[in-house]
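*Asks:* Structure below; questions to follow.
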Amino acid sequence: MELDPVYTFVPLASKIYCGNDDKATREYLNKWGLNGNINVQHFSFNEPFQSFHKHHLAEAFFKSDVVAKELKTRRGNSWVVQGITASSVELKSVPCSVLGTSFFDKLKDPENNVVYESGNIRKRYDLEIDGFLISDNLRGMLLDEECDEYNLYTENEREEFIFRIFQMLILGGTLCQYEDTVKPYLDITKNIYKDLIRVQKQEVSGDLSIATTVLEVIVKNQNGHAYFPTEPYEKQNIGFLLIDGNSREITTFVHQFGGFSW
């Protein structure tokens, strides 16, 4: 019987990610109440990776003493190293197959009633869902299962990693100032997505595919309290583990809903 590999982890230096080197991106994240609510870190691991080992690798990662001494999680309004090794790790595979922005073409088609020809987002009557004010058809498409626009994307498409990023940006933080047009949301989604995933070319066919494995994670301490992310059953509290088997790197991505901090 083949034994599961024994992984060891090494923290890597911070990278430029999620448009942090782009002034416009920083300004939008600030406007949407997301500045300070997102934390991304990078680690390497030693053993070769096969996709069927992804759950084993994720568990080993969060139970590693080395990771516990480096991983930042939210406490109050700050990101701090709390030194927690996981007691349990809940994992869910996240599809990540979108290679181009054509994924959002139907959103931009005025016939689908989310935007006008100008790109401006169509307004609608106010409705509160899950604590979010729905005042236009874009947010209706995300959260209002009773509206026609909700069916624009299938449940499988909604699970795609790029859609999850898109939704996170639109719903924003507690101090979110909404956009009148859809373009900024699409531009920033593209920037973040490109920073977080890696595309590879198949040797034989030459086709492009995504080499990154994405897992949604809920990590709990010995008392059964979730800390990555905290309060994970709130829609905007989300944690992802991104695995690049070729470079043997892991990226953690966590967003905690709230006001921003510096």
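Chain identifiers are assigned as A, B, and so on, following the order in which chains appear in the structure tokens; residues are numbered from 1 within each chain, and ligands are numbered from 1 in order of appearance.
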Find the spatial neighbours of Lys92 in chain A, counting only C-alpha atoms, within a cut-off of 8 Å - ignore same-chain residues fewer than 3 positions away - and output them as a PDB file with N, CA, C and O atoms, in the first residue's frame.

*Replies:*
```pdb
ATOM      1  N   LEU A 215      -8.955  24.943  -3.131  1.00  0.00           N
ATOM      2  CA  LEU A 215      -9.788  24.352  -2.093  1.00  0.00           C
ATOM      3  C   LEU A 215     -10.367  25.466  -1.228  1.00  0.00           C
ATOM      4  O   LEU A 215      -9.652  26.397  -0.848  1.00  0.00           O
ATOM      5  N   GLU A 216     -11.644  25.372  -0.918  1.00  0.00           N
ATOM      6  CA  GLU A 216     -12.219  26.248   0.100  1.00  0.00           C
ATOM      7  C   GLU A 216     -12.063  25.544   1.438  1.00  0.00           C
ATOM      8  O   GLU A 216     -12.325  24.342   1.552  1.00  0.00           O
ATOM      9  N   VAL A 217     -11.622  26.287   2.440  1.00  0.00           N
ATOM     10  CA  VAL A 217     -11.282  25.650   3.710  1.00  0.00           C
ATOM     11  C   VAL A 217     -11.965  26.362   4.879  1.00  0.00           C
ATOM     12  O   VAL A 217     -12.179  27.577   4.855  1.00  0.00           O
TER      13      VAL A 217
END
```

*Asks:* Check the DSSP output for the backbone and give back, as a PyMOL selection string, the residues of range 4-237 of chain A in strand (DSSP E).

*Replies:* chain A and resi 9-11+38-45+72-75+78-81+88-94+123-129+132-136+199-201+208-210+212-220+226-228

*Asks:* Choose the residue, out of A:Asp148, A:Asp136, A:Glu90, A:Glu47, that has the smallest atom-to-atom separation from Asn120 in chain A; count only C-alpha atoms.

*Replies:*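 Of all the options, A:Asp136 lies closest to Asn120 in chain A.
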
*Asks:* I want to know what sits within 7 Å of range 174-177 of chain A, based on only C-alpha atoms, with residues of the same chain fewer than 6 positions away left out; could you give that as a ChimeraX atom specification?

*Replies:* /A:31-33,258-259

*Asks:* Show me, as a VMD selection string, the residues that have an atom within 9 Å of Leu71 in chain A when counting only C-alpha atoms, minus same-chain residues fewer than 4 positions from it.

*Replies:* chain A and resid 11 41 62 66 to 67 80 to 84 252

*Asks:* Tell me which of A:Thr181, A:Thr251, A:Thr101, A:Asn237 sits closest to Leu196 in chain A, counting only C-alpha atoms.

*Replies:* A:Thr251

*Asks:* So which residues touch Leu186 in chain A within 12 Å, counting only C-alpha atoms, skipping near sequence neighbours fewer than 6 positions away, as an MDAnalysis selection string?

*Replies:* chainID A and resid 25 28 100:105 107:108 119 162:163 165:170 179 192:193

*Asks:* Could the residues in this selection be saved with N, CA, C and O atoms as a PDB file, in the first residue's frame?

*Replies:*
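Produced file selection.pdb, reproduced below:
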```
ATOM      1  N   THR A  25      -6.280  49.835  -8.664  1.00  0.00           N
ATOM      2  CA  THR A  25      -6.816  48.686  -7.944  1.00  0.00           C
ATOM      3  C   THR A  25      -6.890  48.965  -6.457  1.00  0.00           C
ATOM      4  O   THR A  25      -7.900  48.673  -5.798  1.00  0.00           O
ATOM      5  N   TYR A  28      -9.838  51.207  -5.686  1.00  0.00           N
ATOM      6  CA  TYR A  28     -11.140  50.526  -5.736  1.00  0.00           C
ATOM      7  C   TYR A  28     -11.339  49.632  -4.508  1.00  0.00           C
ATOM      8  O   TYR A  28     -12.428  49.608  -3.919  1.00  0.00           O
ATOM      9  N   GLY A 100     -10.695  32.846 -19.698  1.00  0.00           N
ATOM     10  CA  GLY A 100     -10.831  34.163 -20.307  1.00  0.00           C
ATOM     11  C   GLY A 100     -12.032  34.914 -19.774  1.00  0.00           C
ATOM     12  O   GLY A 100     -12.915  34.352 -19.131  1.00  0.00           O
ATOM     13  N   THR A 101     -12.063  36.211 -20.063  1.00  0.00           N
ATOM     14  CA  THR A 101     -13.130  37.060 -19.545  1.00  0.00           C
ATOM     15  C   THR A 101     -14.443  36.870 -20.291  1.00  0.00           C
ATOM     16  O   THR A 101     -15.452  37.487 -19.926  1.00  0.00           O
ATOM     17  N   SER A 102     -14.465  36.011 -21.318  1.00  0.00           N
ATOM     18  CA  SER A 102     -15.729  35.730 -22.008  1.00  0.00           C
ATOM     19  C   SER A 102     -16.739  35.093 -21.060  1.00  0.00           C
ATOM     20  O   SER A 102     -17.950  35.097 -21.335  1.00  0.00           O
ATOM     21  N   PHE A 103     -16.257  34.575 -19.945  1.00  0.00           N
ATOM     22  CA  PHE A 103     -17.129  34.026 -18.909  1.00  0.00           C
ATOM     23  C   PHE A 103     -18.170  35.062 -18.475  1.00  0.00           C
ATOM     24  O   PHE A 103     -19.291  34.707 -18.100  1.00  0.00           O
ATOM     25  N   PHE A 104     -17.812  36.337 -18.541  1.00  0.00           N
ATOM     26  CA  PHE A 104     -18.705  37.400 -18.083  1.00  0.00           C
ATOM     27  C   PHE A 104     -19.447  38.095 -19.217  1.00  0.00           C
ATOM     28  O   PHE A 104     -20.134  39.095 -18.987  1.00  0.00           O
ATOM     29  N   ASP A 105     -19.326  37.577 -20.454  1.00  0.00           N
ATOM     30  CA  ASP A 105     -19.973  38.243 -21.590  1.00  0.00           C
ATOM     31  C   ASP A 105     -21.477  38.347 -21.425  1.00  0.00           C
ATOM     32  O   ASP A 105     -22.083  39.384 -21.744  1.00  0.00           O
ATOM     33  N   LEU A 107     -23.133  38.631 -18.795  1.00  0.00           N
ATOM     34  CA  LEU A 107     -23.421  39.654 -17.793  1.00  0.00           C
ATOM     35  C   LEU A 107     -23.455  41.040 -18.431  1.00  0.00           C
ATOM     36  O   LEU A 107     -24.248  41.906 -18.047  1.00  0.00           O
ATOM     37  N   LYS A 108     -22.600  41.229 -19.438  1.00  0.00           N
ATOM     38  CA  LYS A 108     -22.483  42.543 -20.093  1.00  0.00           C
ATOM     39  C   LYS A 108     -23.488  42.738 -21.216  1.00  0.00           C
ATOM     40  O   LYS A 108     -23.585  43.833 -21.775  1.00  0.00           O
ATOM     41  N   GLY A 119     -23.333  50.209 -20.143  1.00  0.00           N
ATOM     42  CA  GLY A 119     -22.569  49.504 -19.124  1.00  0.00           C
ATOM     43  C   GLY A 119     -23.001  49.851 -17.713  1.00  0.00           C
ATOM     44  O   GLY A 119     -22.545  49.237 -16.744  1.00  0.00           O
ATOM     45  N   ILE A 162     -13.332  32.193 -10.125  1.00  0.00           N
ATOM     46  CA  ILE A 162     -13.395  33.567 -10.615  1.00  0.00           C
ATOM     47  C   ILE A 162     -14.727  34.219 -10.244  1.00  0.00           C
ATOM     48  O   ILE A 162     -14.779  35.420  -9.945  1.00  0.00           O
ATOM     49  N   PHE A 163     -15.806  33.442 -10.217  1.00  0.00           N
ATOM     50  CA  PHE A 163     -17.100  33.988  -9.815  1.00  0.00           C
ATOM     51  C   PHE A 163     -17.093  34.319  -8.324  1.00  0.00           C
ATOM     52  O   PHE A 163     -17.672  35.328  -7.898  1.00  0.00           O
ATOM     53  N   ILE A 165     -14.539  35.296  -6.552  1.00  0.00           N
ATOM     54  CA  ILE A 165     -13.813  36.559  -6.392  1.00  0.00           C
ATOM     55  C   ILE A 165     -14.698  37.728  -6.788  1.00  0.00           C
ATOM     56  O   ILE A 165     -14.772  38.747  -6.089  1.00  0.00           O
ATOM     57  N   PHE A 166     -15.366  37.592  -7.915  1.00  0.00           N
ATOM     58  CA  PHE A 166     -16.264  38.628  -8.433  1.00  0.00           C
ATOM     59  C   PHE A 166     -17.329  38.981  -7.388  1.00  0.00           C
ATOM     60  O   PHE A 166     -17.560  40.156  -7.088  1.00  0.00           O
ATOM     61  N   GLN A 167     -17.946  37.978  -6.815  1.00  0.00           N
ATOM     62  CA  GLN A 167     -18.984  38.211  -5.810  1.00  0.00           C
ATOM     63  C   GLN A 167     -18.408  38.889  -4.572  1.00  0.00           C
ATOM     64  O   GLN A 167     -19.020  39.807  -4.013  1.00  0.00           O
ATOM     65  N   MET A 168     -17.236  38.463  -4.147  1.00  0.00           N
ATOM     66  CA  MET A 168     -16.600  39.068  -2.982  1.00  0.00           C
ATOM     67  C   MET A 168     -16.379  40.563  -3.181  1.00  0.00           C
ATOM     68  O   MET A 168     -16.628  41.377  -2.279  1.00  0.00           O
ATOM     69  N   LEU A 169     -15.932  40.947  -4.375  1.00  0.00           N
ATOM     70  CA  LEU A 169     -15.671  42.350  -4.661  1.00  0.00           C
ATOM     71  C   LEU A 169     -16.955  43.176  -4.663  1.00  0.00           C
ATOM     72  O   LEU A 169     -16.996  44.292  -4.129  1.00  0.00           O
ATOM     73  N   ILE A 170     -17.997  42.651  -5.268  1.00  0.00           N
ATOM     74  CA  ILE A 170     -19.245  43.405  -5.389  1.00  0.00           C
ATOM     75  C   ILE A 170     -19.919  43.594  -4.032  1.00  0.00           C
ATOM     76  O   ILE A 170     -20.392  44.686  -3.704  1.00  0.00           O
ATOM     77  N   GLU A 179     -20.380  50.661  -7.194  1.00  0.00           N
ATOM     78  CA  GLU A 179     -20.130  51.264  -8.505  1.00  0.00           C
ATOM     79  C   GLU A 179     -21.429  51.380  -9.297  1.00  0.00           C
ATOM     80  O   GLU A 179     -22.368  50.605  -9.096  1.00  0.00           O
ATOM     81  N   ILE A 192      -6.991  40.106  -9.884  1.00  0.00           N
ATOM     82  CA  ILE A 192      -6.794  39.220  -8.738  1.00  0.00           C
ATOM     83  C   ILE A 192      -6.681  37.774  -9.198  1.00  0.00           C
ATOM     84  O   ILE A 192      -5.801  37.019  -8.747  1.00  0.00           O
ATOM     85  N   TYR A 193      -7.559  37.388 -10.096  1.00  0.00           N
ATOM     86  CA  TYR A 193      -7.574  36.006 -10.604  1.00  0.00           C
ATOM     87  C   TYR A 193      -6.244  35.657 -11.261  1.00  0.00           C
ATOM     88  O   TYR A 193      -5.662  34.590 -10.998  1.00  0.00           O
TER      89      TYR A 193
END
```

*Asks:* Kindly give the distance, in Å, that separates CA of Tyr227 in chain A and CA of Phe253 in chain A, rounded to a single decimal.

*Replies:* 13.2 Å

*Asks:* For a test of reading the model, state the distance in Å between CA of Asn30 in chain A and CA of Gln256 in chain A, rounded to one decimal.

*Replies:*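 Straight-line distance from CA of Asn30 in chain A to CA of Gln256 in chain A works out to 14.4 Å.
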
*Asks:* Run DSSP on the backbone and tell me which residues of range 55-236 of chain A come out as helix (DSSP H, G or I); list them as a PDB file with N, CA and C atoms, in the first residue's frame.

*Replies:*
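Contents of states.pdb, as written:
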```pdb
ATOM      1  N   HIS A  55      -6.283  16.739  -0.330  1.00  0.00           N
ATOM      2  CA  HIS A  55      -6.865  16.825   1.012  1.00  0.00           C
ATOM      3  C   HIS A  55      -5.816  16.511   2.078  1.00  0.00           C
ATOM      4  N   HIS A  56      -4.993  15.531   1.801  1.00  0.00           N
ATOM      5  CA  HIS A  56      -3.918  15.192   2.736  1.00  0.00           C
ATOM      6  C   HIS A  56      -2.947  16.365   2.880  1.00  0.00           C
ATOM      7  N   LEU A  57      -2.590  16.987   1.771  1.00  0.00           N
ATOM      8  CA  LEU A  57      -1.676  18.131   1.804  1.00  0.00           C
ATOM      9  C   LEU A  57      -2.281  19.287   2.596  1.00  0.00           C
ATOM     10  N   ALA A  58      -3.550  19.585   2.369  1.00  0.00           N
ATOM     11  CA  ALA A  58      -4.204  20.697   3.073  1.00  0.00           C
ATOM     12  C   ALA A  58      -4.240  20.457   4.583  1.00  0.00           C
ATOM     13  N   GLU A  59      -4.569  19.231   4.981  1.00  0.00           N
ATOM     14  CA  GLU A  59      -4.598  18.917   6.416  1.00  0.00           C
ATOM     15  C   GLU A  59      -3.204  19.053   7.018  1.00  0.00           C
ATOM     16  N   ALA A  60      -2.205  18.516   6.329  1.00  0.00           N
ATOM     17  CA  ALA A  60      -0.837  18.597   6.826  1.00  0.00           C
ATOM     18  C   ALA A  60      -0.389  20.051   6.942  1.00  0.00           C
ATOM     19  N   PHE A  61      -0.821  20.872   6.001  1.00  0.00           N
ATOM     20  CA  PHE A  61      -0.438  22.284   6.000  1.00  0.00           C
ATOM     21  C   PHE A  61      -0.940  22.992   7.260  1.00  0.00           C
ATOM     22  N   PHE A  62      -2.215  22.881   7.536  1.00  0.00           N
ATOM     23  CA  PHE A  62      -2.788  23.617   8.664  1.00  0.00           C
ATOM     24  C   PHE A  62      -2.430  23.004  10.017  1.00  0.00           C
ATOM     25  N   ASP A  65       3.468  22.888  12.529  1.00  0.00           N
ATOM     26  CA  ASP A  65       3.964  23.879  13.487  1.00  0.00           C
ATOM     27  C   ASP A  65       4.628  25.049  12.771  1.00  0.00           C
ATOM     28  N   VAL A  66       5.303  24.755  11.656  1.00  0.00           N
ATOM     29  CA  VAL A  66       5.957  25.820  10.891  1.00  0.00           C
ATOM     30  C   VAL A  66       4.919  26.809  10.358  1.00  0.00           C
ATOM     31  N   VAL A  67       3.838  26.289   9.794  1.00  0.00           N
ATOM     32  CA  VAL A  67       2.775  27.150   9.275  1.00  0.00           C
ATOM     33  C   VAL A  67       2.126  27.936  10.404  1.00  0.00           C
ATOM     34  N   ALA A  68       1.874  27.281  11.543  1.00  0.00           N
ATOM     35  CA  ALA A  68       1.233  27.949  12.681  1.00  0.00           C
ATOM     36  C   ALA A  68       2.023  29.168  13.148  1.00  0.00           C
ATOM     37  N   THR A 101     -12.063  36.211 -20.063  1.00  0.00           N
ATOM     38  CA  THR A 101     -13.130  37.060 -19.545  1.00  0.00           C
ATOM     39  C   THR A 101     -14.443  36.870 -20.291  1.00  0.00           C
ATOM     40  N   SER A 102     -14.465  36.011 -21.318  1.00  0.00           N
ATOM     41  CA  SER A 102     -15.729  35.730 -22.008  1.00  0.00           C
ATOM     42  C   SER A 102     -16.739  35.093 -21.060  1.00  0.00           C
ATOM     43  N   PHE A 103     -16.257  34.575 -19.945  1.00  0.00           N
ATOM     44  CA  PHE A 103     -17.129  34.026 -18.909  1.00  0.00           C
ATOM     45  C   PHE A 103     -18.170  35.062 -18.475  1.00  0.00           C
ATOM     46  N   PHE A 104     -17.812  36.337 -18.541  1.00  0.00           N
ATOM     47  CA  PHE A 104     -18.705  37.400 -18.083  1.00  0.00           C
ATOM     48  C   PHE A 104     -19.447  38.095 -19.217  1.00  0.00           C
ATOM     49  N   ASP A 105     -19.326  37.577 -20.454  1.00  0.00           N
ATOM     50  CA  ASP A 105     -19.973  38.243 -21.590  1.00  0.00           C
ATOM     51  C   ASP A 105     -21.477  38.347 -21.425  1.00  0.00           C
ATOM     52  N   LYS A 106     -22.114  37.301 -20.918  1.00  0.00           N
ATOM     53  CA  LYS A 106     -23.575  37.348 -20.789  1.00  0.00           C
ATOM     54  C   LYS A 106     -24.014  38.347 -19.731  1.00  0.00           C
ATOM     55  N   LEU A 107     -23.133  38.631 -18.795  1.00  0.00           N
ATOM     56  CA  LEU A 107     -23.421  39.654 -17.793  1.00  0.00           C
ATOM     57  C   LEU A 107     -23.455  41.040 -18.431  1.00  0.00           C
ATOM     58  N   LYS A 108     -22.600  41.229 -19.438  1.00  0.00           N
ATOM     59  CA  LYS A 108     -22.483  42.543 -20.093  1.00  0.00           C
ATOM     60  C   LYS A 108     -23.488  42.738 -21.216  1.00  0.00           C
ATOM     61  N   PRO A 110     -26.829  43.652 -22.645  1.00  0.00           N
ATOM     62  CA  PRO A 110     -28.010  44.381 -22.143  1.00  0.00           C
ATOM     63  C   PRO A 110     -29.298  43.568 -22.211  1.00  0.00           C
ATOM     64  N   GLU A 111     -29.350  42.588 -23.118  1.00  0.00           N
ATOM     65  CA  GLU A 111     -30.558  41.760 -23.226  1.00  0.00           C
ATOM     66  C   GLU A 111     -30.830  40.946 -21.965  1.00  0.00           C
ATOM     67  N   ASN A 112     -29.789  40.774 -21.148  1.00  0.00           N
ATOM     68  CA  ASN A 112     -29.939  39.981 -19.932  1.00  0.00           C
ATOM     69  C   ASN A 112     -30.329  40.813 -18.715  1.00  0.00           C
ATOM     70  N   ASN A 137     -29.717  45.263 -10.233  1.00  0.00           N
ATOM     71  CA  ASN A 137     -29.863  43.915 -10.791  1.00  0.00           C
ATOM     72  C   ASN A 137     -28.576  43.092 -10.725  1.00  0.00           C
ATOM     73  N   LEU A 138     -27.430  43.760 -10.567  1.00  0.00           N
ATOM     74  CA  LEU A 138     -26.180  43.020 -10.424  1.00  0.00           C
ATOM     75  C   LEU A 138     -26.167  42.273  -9.089  1.00  0.00           C
ATOM     76  N   ARG A 139     -26.516  42.965  -8.024  1.00  0.00           N
ATOM     77  CA  ARG A 139     -26.578  42.300  -6.720  1.00  0.00           C
ATOM     78  C   ARG A 139     -27.768  41.343  -6.644  1.00  0.00           C
ATOM     79  N   GLY A 140     -28.823  41.669  -7.376  1.00  0.00           N
ATOM     80  CA  GLY A 140     -29.924  40.727  -7.471  1.00  0.00           C
ATOM     81  C   GLY A 140     -29.483  39.432  -8.114  1.00  0.00           C
ATOM     82  N   MET A 141     -28.672  39.540  -9.171  1.00  0.00           N
ATOM     83  CA  MET A 141     -28.140  38.355  -9.840  1.00  0.00           C
ATOM     84  C   MET A 141     -27.316  37.496  -8.883  1.00  0.00           C
ATOM     85  N   LEU A 142     -26.654  38.121  -7.929  1.00  0.00           N
ATOM     86  CA  LEU A 142     -25.823  37.389  -6.984  1.00  0.00           C
ATOM     87  C   LEU A 142     -26.620  36.730  -5.865  1.00  0.00           C
ATOM     88  N   LEU A 143     -27.631  37.437  -5.346  1.00  0.00           N
ATOM     89  CA  LEU A 143     -28.233  37.002  -4.089  1.00  0.00           C
ATOM     90  C   LEU A 143     -29.727  36.715  -4.115  1.00  0.00           C
ATOM     91  N   ASP A 148     -35.230  37.023 -12.087  1.00  0.00           N
ATOM     92  CA  ASP A 148     -34.845  36.345 -13.330  1.00  0.00           C
ATOM     93  C   ASP A 148     -33.335  36.346 -13.536  1.00  0.00           C
ATOM     94  N   GLU A 149     -32.690  37.427 -13.126  1.00  0.00           N
ATOM     95  CA  GLU A 149     -31.259  37.573 -13.375  1.00  0.00           C
ATOM     96  C   GLU A 149     -30.427  36.529 -12.620  1.00  0.00           C
ATOM     97  N   TYR A 150     -30.970  36.013 -11.546  1.00  0.00           N
ATOM     98  CA  TYR A 150     -30.236  35.021 -10.754  1.00  0.00           C
ATOM     99  C   TYR A 150     -29.876  33.796 -11.593  1.00  0.00           C
ATOM    100  N   ASN A 151     -30.716  33.466 -12.543  1.00  0.00           N
ATOM    101  CA  ASN A 151     -30.516  32.264 -13.365  1.00  0.00           C
ATOM    102  C   ASN A 151     -29.550  32.476 -14.526  1.00  0.00           C
ATOM    103  N   LEU A 152     -28.958  33.658 -14.594  1.00  0.00           N
ATOM    104  CA  LEU A 152     -28.021  33.941 -15.673  1.00  0.00           C
ATOM    105  C   LEU A 152     -26.803  33.003 -15.606  1.00  0.00           C
ATOM    106  N   GLU A 155     -25.552  26.958 -11.220  1.00  0.00           N
ATOM    107  CA  GLU A 155     -24.954  26.711  -9.904  1.00  0.00           C
ATOM    108  C   GLU A 155     -23.490  26.312 -10.051  1.00  0.00           C
ATOM    109  N   ASN A 156     -23.159  25.535 -11.086  1.00  0.00           N
ATOM    110  CA  ASN A 156     -21.759  25.146 -11.308  1.00  0.00           C
ATOM    111  C   ASN A 156     -20.895  26.351 -11.649  1.00  0.00           C
ATOM    112  N   GLU A 157     -21.422  27.258 -12.457  1.00  0.00           N
ATOM    113  CA  GLU A 157     -20.671  28.466 -12.801  1.00  0.00           C
ATOM    114  C   GLU A 157     -20.458  29.355 -11.582  1.00  0.00           C
ATOM    115  N   ARG A 158     -21.443  29.386 -10.713  1.00  0.00           N
ATOM    116  CA  ARG A 158     -21.325  30.189  -9.492  1.00  0.00           C
ATOM    117  C   ARG A 158     -20.248  29.658  -8.552  1.00  0.00           C
ATOM    118  N   GLU A 159     -19.935  28.382  -8.674  1.00  0.00           N
ATOM    119  CA  GLU A 159     -18.907  27.787  -7.826  1.00  0.00           C
ATOM    120  C   GLU A 159     -17.501  28.088  -8.336  1.00  0.00           C
ATOM    121  N   PHE A 161     -14.013  29.627  -9.186  1.00  0.00           N
ATOM    122  CA  PHE A 161     -13.198  30.510  -8.357  1.00  0.00           C
ATOM    123  C   PHE A 161     -13.296  31.958  -8.814  1.00  0.00           C
ATOM    124  N   ILE A 162     -13.332  32.193 -10.125  1.00  0.00           N
ATOM    125  CA  ILE A 162     -13.395  33.567 -10.615  1.00  0.00           C
ATOM    126  C   ILE A 162     -14.727  34.219 -10.244  1.00  0.00           C
ATOM    127  N   PHE A 163     -15.806  33.442 -10.217  1.00  0.00           N
ATOM    128  CA  PHE A 163     -17.100  33.988  -9.815  1.00  0.00           C
ATOM    129  C   PHE A 163     -17.093  34.319  -8.324  1.00  0.00           C
ATOM    130  N   ARG A 164     -16.428  33.486  -7.527  1.00  0.00           N
ATOM    131  CA  ARG A 164     -16.357  33.737  -6.092  1.00  0.00           C
ATOM    132  C   ARG A 164     -15.610  35.038  -5.798  1.00  0.00           C
ATOM    133  N   ILE A 165     -14.539  35.296  -6.552  1.00  0.00           N
ATOM    134  CA  ILE A 165     -13.813  36.559  -6.392  1.00  0.00           C
ATOM    135  C   ILE A 165     -14.698  37.728  -6.788  1.00  0.00           C
ATOM    136  N   PHE A 166     -15.366  37.592  -7.915  1.00  0.00           N
ATOM    137  CA  PHE A 166     -16.264  38.628  -8.433  1.00  0.00           C
ATOM    138  C   PHE A 166     -17.329  38.981  -7.388  1.00  0.00           C
ATOM    139  N   GLN A 167     -17.946  37.978  -6.815  1.00  0.00           N
ATOM    140  CA  GLN A 167     -18.984  38.211  -5.810  1.00  0.00           C
ATOM    141  C   GLN A 167     -18.408  38.889  -4.572  1.00  0.00           C
ATOM    142  N   MET A 168     -17.236  38.463  -4.147  1.00  0.00           N
ATOM    143  CA  MET A 168     -16.600  39.068  -2.982  1.00  0.00           C
ATOM    144  C   MET A 168     -16.379  40.563  -3.181  1.00  0.00           C
ATOM    145  N   LEU A 169     -15.932  40.947  -4.375  1.00  0.00           N
ATOM    146  CA  LEU A 169     -15.671  42.350  -4.661  1.00  0.00           C
ATOM    147  C   LEU A 169     -16.955  43.176  -4.663  1.00  0.00           C
ATOM    148  N   ILE A 170     -17.997  42.651  -5.268  1.00  0.00           N
ATOM    149  CA  ILE A 170     -19.245  43.405  -5.389  1.00  0.00           C
ATOM    150  C   ILE A 170     -19.919  43.594  -4.032  1.00  0.00           C
ATOM    151  N   LEU A 171     -19.939  42.557  -3.208  1.00  0.00           N
ATOM    152  CA  LEU A 171     -20.579  42.670  -1.903  1.00  0.00           C
ATOM    153  C   LEU A 171     -19.750  43.509  -0.943  1.00  0.00           C
ATOM    154  N   LYS A 183     -17.797  47.601 -15.191  1.00  0.00           N
ATOM    155  CA  LYS A 183     -16.422  47.429 -15.667  1.00  0.00           C
ATOM    156  C   LYS A 183     -15.376  47.365 -14.550  1.00  0.00           C
ATOM    157  N   PRO A 184     -15.402  48.250 -13.542  1.00  0.00           N
ATOM    158  CA  PRO A 184     -14.371  48.149 -12.499  1.00  0.00           C
ATOM    159  C   PRO A 184     -14.370  46.803 -11.789  1.00  0.00           C
ATOM    160  N   TYR A 185     -15.550  46.247 -11.537  1.00  0.00           N
ATOM    161  CA  TYR A 185     -15.617  44.938 -10.882  1.00  0.00           C
ATOM    162  C   TYR A 185     -14.957  43.864 -11.753  1.00  0.00           C
ATOM    163  N   LEU A 186     -15.209  43.923 -13.052  1.00  0.00           N
ATOM    164  CA  LEU A 186     -14.632  42.938 -13.965  1.00  0.00           C
ATOM    165  C   LEU A 186     -13.120  43.102 -14.069  1.00  0.00           C
ATOM    166  N   ASP A 187     -12.652  44.341 -14.127  1.00  0.00           N
ATOM    167  CA  ASP A 187     -11.214  44.593 -14.249  1.00  0.00           C
ATOM    168  C   ASP A 187     -10.458  44.098 -13.024  1.00  0.00           C
ATOM    169  N   ILE A 188     -10.957  44.394 -11.833  1.00  0.00           N
ATOM    170  CA  ILE A 188     -10.258  44.004 -10.614  1.00  0.00           C
ATOM    171  C   ILE A 188     -10.351  42.495 -10.410  1.00  0.00           C
ATOM    172  N   THR A 189     -11.496  41.908 -10.763  1.00  0.00           N
ATOM    173  CA  THR A 189     -11.622  40.440 -10.702  1.00  0.00           C
ATOM    174  C   THR A 189     -10.545  39.792 -11.560  1.00  0.00           C
ATOM    175  N   LYS A 190     -10.373  40.286 -12.765  1.00  0.00           N
ATOM    176  CA  LYS A 190      -9.360  39.742 -13.676  1.00  0.00           C
ATOM    177  C   LYS A 190      -7.963  39.871 -13.074  1.00  0.00           C
ATOM    178  N   ASN A 191      -7.649  41.038 -12.495  1.00  0.00           N
ATOM    179  CA  ASN A 191      -6.320  41.257 -11.918  1.00  0.00           C
ATOM    180  C   ASN A 191      -6.030  40.273 -10.787  1.00  0.00           C
ATOM    181  N   ILE A 192      -6.991  40.106  -9.884  1.00  0.00           N
ATOM    182  CA  ILE A 192      -6.794  39.220  -8.738  1.00  0.00           C
ATOM    183  C   ILE A 192      -6.681  37.774  -9.198  1.00  0.00           C
ATOM    184  N   TYR A 193      -7.559  37.388 -10.096  1.00  0.00           N
ATOM    185  CA  TYR A 193      -7.574  36.006 -10.604  1.00  0.00           C
ATOM    186  C   TYR A 193      -6.244  35.657 -11.261  1.00  0.00           C
ATOM    187  N   LYS A 194      -5.726  36.563 -12.086  1.00  0.00           N
ATOM    188  CA  LYS A 194      -4.458  36.317 -12.773  1.00  0.00           C
ATOM    189  C   LYS A 194      -3.298  36.216 -11.788  1.00  0.00           C
ATOM    190  N   ASP A 195      -3.371  36.967 -10.700  1.00  0.00           N
ATOM    191  CA  ASP A 195      -2.313  36.915  -9.696  1.00  0.00           C
ATOM    192  C   ASP A 195      -2.313  35.606  -8.917  1.00  0.00           C
ATOM    193  N   LEU A 196      -3.478  34.999  -8.765  1.00  0.00           N
ATOM    194  CA  LEU A 196      -3.606  33.858  -7.868  1.00  0.00           C
ATOM    195  C   LEU A 196      -3.500  32.495  -8.563  1.00  0.00           C
TER     196      LEU A 196
END
```

*Asks:* CA of Phe228 in chain A and CA of Ser88 in chain A, how far apart in Å?

*Replies:*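 We find that CA of Ser88 in chain A and CA of Phe228 in chain A lie 11.0 Å from each other.
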
*Asks:* So, with only C-alpha atoms as the atoms that count, which of A:Val219, A:Leu99, A:Leu34, A:Val94 lies closest to Ile243 in chain A?

*Replies:* A:Val94

*Asks:* Of the candidates A:Asp109, A:Ser118, A:Asp126, A:Ser97, which one gets nearest to Gln200 in chain A if we count only C-alpha atoms?

*Replies:* A:Ser97

*Asks:* From the options A:Lys63, A:Lys15, A:Lys69, A:His53, which residue's atoms come nearest to Asn221 in chain A, counting only C-alpha atoms?

*Replies:*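 Looking at the shortest contact to Asn221 in chain A, the residue is A:Lys63.
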
*Asks:* Nearest residue to Gly224 in chain A out of A:Gln236, A:Thr8, A:Ser87, A:Thr212, using only C-alpha atoms?

*Replies:* A:Ser87
